[in-house]
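S.K.: Got a structure for you, questions after.
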Amino acid sequence: MKISPADDFTATVNIISDYDQHKKALLEYIEEVTTNAGEIQKRVLSEILYRNQHVEYLQRNGLNGHTDSETFKKMLPVITYEDLKPDIDRIISDGNTSSPSILCDQPISVLFCSSGTSSGVRKRIPMTEEDAERRYFFRSLVMPIVDQYIPGLDKGKVMYIMISVPQDKTPGGIGLSFSSTAFYKTSYFKDGFNNNPYNNYTCPIEAILCEDSSQSMYCQVLCGLYQNDQVLRLGAPFGSGMVSIVRFIQENWTSLCNDIRNGKIDNKKITDLLVRKAVSKLLRIKPNPKLADLIETECKRDESWKGIIPRLWPNAKYIESVVTGTMSQYIPYIEFYSNRLPIVCARYACSEVYCGINLNPLCQPDQVSYTLIPTMAYFEFLPIIRDQHNQQELVDLTAVKLRNEYELVVTTFTGLYRYRVGDVLRVAGFKNNAPQFNFMRRNNTLLSIDTEKTDEVELQNAVNVASSHLKKFLSASLVDYTSFADHHTTSSATPGHYVLYFELQWDKNNLSIFQTTVLEECCLLLEESLGAEYRECRVDKKLIGPLEIKIVETGTFDKLMAYAIREGSSVNQYKTPRCVKLAPIVQLLNSRVASNYFSPKSPQTSEI
Ligand code: AMP
């Protein structure tokens with residue numbers, strides 16, 4: 001069994017001329033690595049430690065060339081990004097000039113900007129040329145799996161929205177990029193464009209590489225609409241992106257239809273000549289009034305836009321987008337707009353490492369599990385035991401227990417050693433000897449006023465309860481939300497309280513006289529759904545004030561995303577922060593509050 005990515009990758013490229021054989025080889029690869037998961041993990045660790053034996057980090061931690069897991073576990077601490085930050089800062093300032101190298105024997109080709117939205121820390125993750133190959137190989141595992149369930153996808157096209165963000169350089173001369181943007185710029189991606197029958201994208205690569213996100217989006221949607229009957233699948237990396245596509249069409253369908261009707265691209269909208277030329281060439285764009293009429297009719301048909309995706313793309317067989325974790329809140333929207341086309345969550349991947357593949361792509365989103373691919377990195381797992389504050393012993397990939405929860409800890413070929421990714425996973429089953437994980441949440445405390453700690457899942461569950469109440473009594477849908485722990489000032493006598501910012505989609509002309517009552521009930525329901533510690537601090541200790549819901553104007557969360565993107569986030573990797581802390585963001589939200597409501601009484605504690 002090869003664990004060298006270069007060998008794996010060569011295999012991929014060589015076989016590509018006979019794609020059926022290539023698919024078969026990739027499926028066999030999955031069988032083999034999942035069967036030999038334990039053995040492969042040992043070899044991966046020893047290879048990482050062997051080739052990096054001279055790097056400063058391992059020397060500093062006294063590994064002295066040992067490559068066995070016992071010494072590794074004894075000597076190396078389990079760390080977070082914050083622990084690694086001084087080393088990363090040196091790489092940022094010195095580039096690849098340090099001798100010995102700081103983290104990794106190979107030159108750092110680029111530093112990835114992780115979305116790092118939960119902790120608020122902007123992470124910079126080292127990446128090498130070799131790991132780019134490994135990740136490309138990992139990505140190539142997806143389509144052979146999907147093809148087993150939905151054959152014939154190579155006979156049509158895919159409209160998968162990919163947005164690039166301008167790259168930067170560190171003072172030490174290393175490129176700074178989002179992982180998705182860096183991927184679109186690799187030769188593998190460009191070659192795959194031409195060679196792989198499953199990568200038959202509707203738009204030219206110039207539109208994907210265009211760094212003006214609105215021009216890029218416009219061209220990608222235009223190309224997708226222009227070839228609507230050839231599109232067999234649609235997607236965006238995350239569920240939020242899928243919803244953005246529909247919103248974008250809602251705002252732009254008149255110009256999109258005009259362009260299709262007139263057979264030319266709006267010069268004012270698309271000023272990038274290279275992109276305009278590439279799109280015109282690809283589409284050999286000529287007037288298509290029939291298609292423009294069809295799109296116009298569908299966009300005007302009813303206000304709700306229910307089922308708009310299959311109405312515009314009648315041959316689409318599924319949506320590819322990650323809707324696990326906090327992205328699950330977008331499922332109802334995607335199902336509504338797609339008339340419940342299957343949603344395929346293909347992979348679980350981070351800037352730090354590409355981890356897992358969904359081997360059962362047509363399962364329901366809440367059943368999705370990702371099989372960790374043992375050749376990608378050395379994986380360890382920190383058991384999550386609630387209310388247990390002592391650090392637990394880490395366990396290996398093949399030693400995890402069914403239904404237990406763990407935080408993922410990785411040791412990578414790119415110079416991360418026993419690094420806590422911050423994601424909590426639950427063991428859902430096994431593929432041969434490799435565990436399959438449900439993605440649960442980020443392991444972080446979102447909100448805390450006193451001793452209580454509310455995490456992402458507790459908040460999401462409470463919001464789900466409030467959201468059902470809003471739907472039932474006000475026919476309002478929750479478009480997006482975030483939260484803020486309002487501590488007031490330390491000198492203030494009033495206790496701090498939780499603030500939830502809700503953007504709703506509702507018929508404002510038809511406001512119910514019960515609006516205030518229903519929203520106050522939502523505040524109370526949220527409080528009653530939060531953890532016991534919260535209610536204890538709120539009710540018994542009176543250390544937390546009544547929870548507040550602030551309804552923000554339509555479009556506020558788009559503005560929040562625009563702000564993040566102006567500050568350097570990637571559209572592809574952007575995830576709405578479930579808690580905000582930074583003053584400008586809180587100010588932005590507060591400047592758009594239309595009304596606010598407080599919990600009218602104390603929530604019931606579970607003992608009552
Ligand atoms: P980034 O480093 O910006 O690519 O973000 C990586 C993070 O996105 C991961 O650590 C997860 O928290 C989240 N993520 C990635 N893939 C998935 C997935 N399939 N399901 C849920 N969350 C995911």
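Labeling convention for the structure tokens: chains A, B, ... as they appear, residues from 1 per chain, ligands from 1 in order of appearance.
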Please extract the residues at most 6 Å from ligand 1, counting only C-alpha atoms and all ligand atoms, and provide them as a list in words, using the chain letters and residue numbers of this document.

M.R.: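 These are the residues that qualify: Ser114, Ser115, Gly116, Val322, Thr324, Gly325, Arg347, Tyr348, Ala349, Cys350, Ser351, Asp423, Phe439, Arg442 and Gln573 of chain A.
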
S.K.: Would you pick out the contacts of A:Gln220 at 10 Å or less, using only C-alpha atoms, so that residues sharing its chain but fewer than 4 positions from it are not included, and give the list as a compact mmCIF listing (two decimals) with C-alpha atoms, in the first residue's frame?

M.R.:
```txt
# COMPACT_ATOMS: atom_id res chain seq x y z
CA MET A 159 -22.68 24.29 -11.97
CA TYR A 160 -20.57 24.53 -8.83
CA ILE A 161 -20.05 28.08 -7.62
CA MET A 162 -16.40 28.76 -6.74
CA ILE A 163 -15.32 32.21 -5.67
CA TYR A 201 -18.11 22.84 -15.27
CA THR A 202 -20.58 25.20 -16.88
CA CYS A 203 -18.25 28.18 -16.68
CA PRO A 204 -14.70 28.91 -17.83
CA ILE A 205 -11.86 28.89 -15.34
CA ALA A 207 -14.69 33.29 -14.21
CA ILE A 208 -13.66 31.19 -11.20
CA SER A 214 -19.79 39.80 -7.85
CA GLN A 215 -18.49 39.63 -11.45
CA SER A 216 -17.40 36.04 -10.82
CA GLY A 224 -25.21 27.90 -15.58
CA LEU A 225 -28.48 29.37 -16.77
CA TYR A 226 -27.37 29.53 -20.38
CA ILE A 245 -27.03 31.62 -5.34
CA VAL A 279 -17.49 33.51 -21.10
```

S.K.: So how many Å separate atom CA of A:Ser99 and atom CA of A:Arg51, to one decimal?

M.R.: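 Interatomic distance here is 15.1 Å.
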
S.K.: Quick check, in Å to one decimal: how far apart do atom CA of A:Tyr574 and atom CA of A:Val142 lie?

M.R.: 22.5 Å

S.K.: Among the residues of stretch 83-316 of chain A, find those DSSP assigns to helix (DSSP H, G or I) from the backbone and print them as an MDAnalysis selection string.

M.R.: chainID A and resid 83:94 129:139 142:149 153:155 179:184 187:195 197:199 205:209 213:226 228:230 239:262 273:283 289:301 308:312

S.K.: Using DSSP on the backbone coordinates, identify all residues within stretch 63-249 of chain A classified as strand (DSSP E or B); present the result as a list of chain:residue names.

M.R.: A:Ile79, A:Val110, A:Leu111, A:Phe112, A:Cys113, A:Arg124, A:Ile125, A:Pro126, A:Met127, A:Lys157, A:Val158, A:Met159, A:Tyr160, A:Asp168, A:Lys169, A:Gly175, A:Leu176, A:Ser177, A:Tyr201, A:Val231, A:Leu232, A:Arg233, A:Leu234, A:Gly235, A:Ala236, A:Pro237, A:Phe238
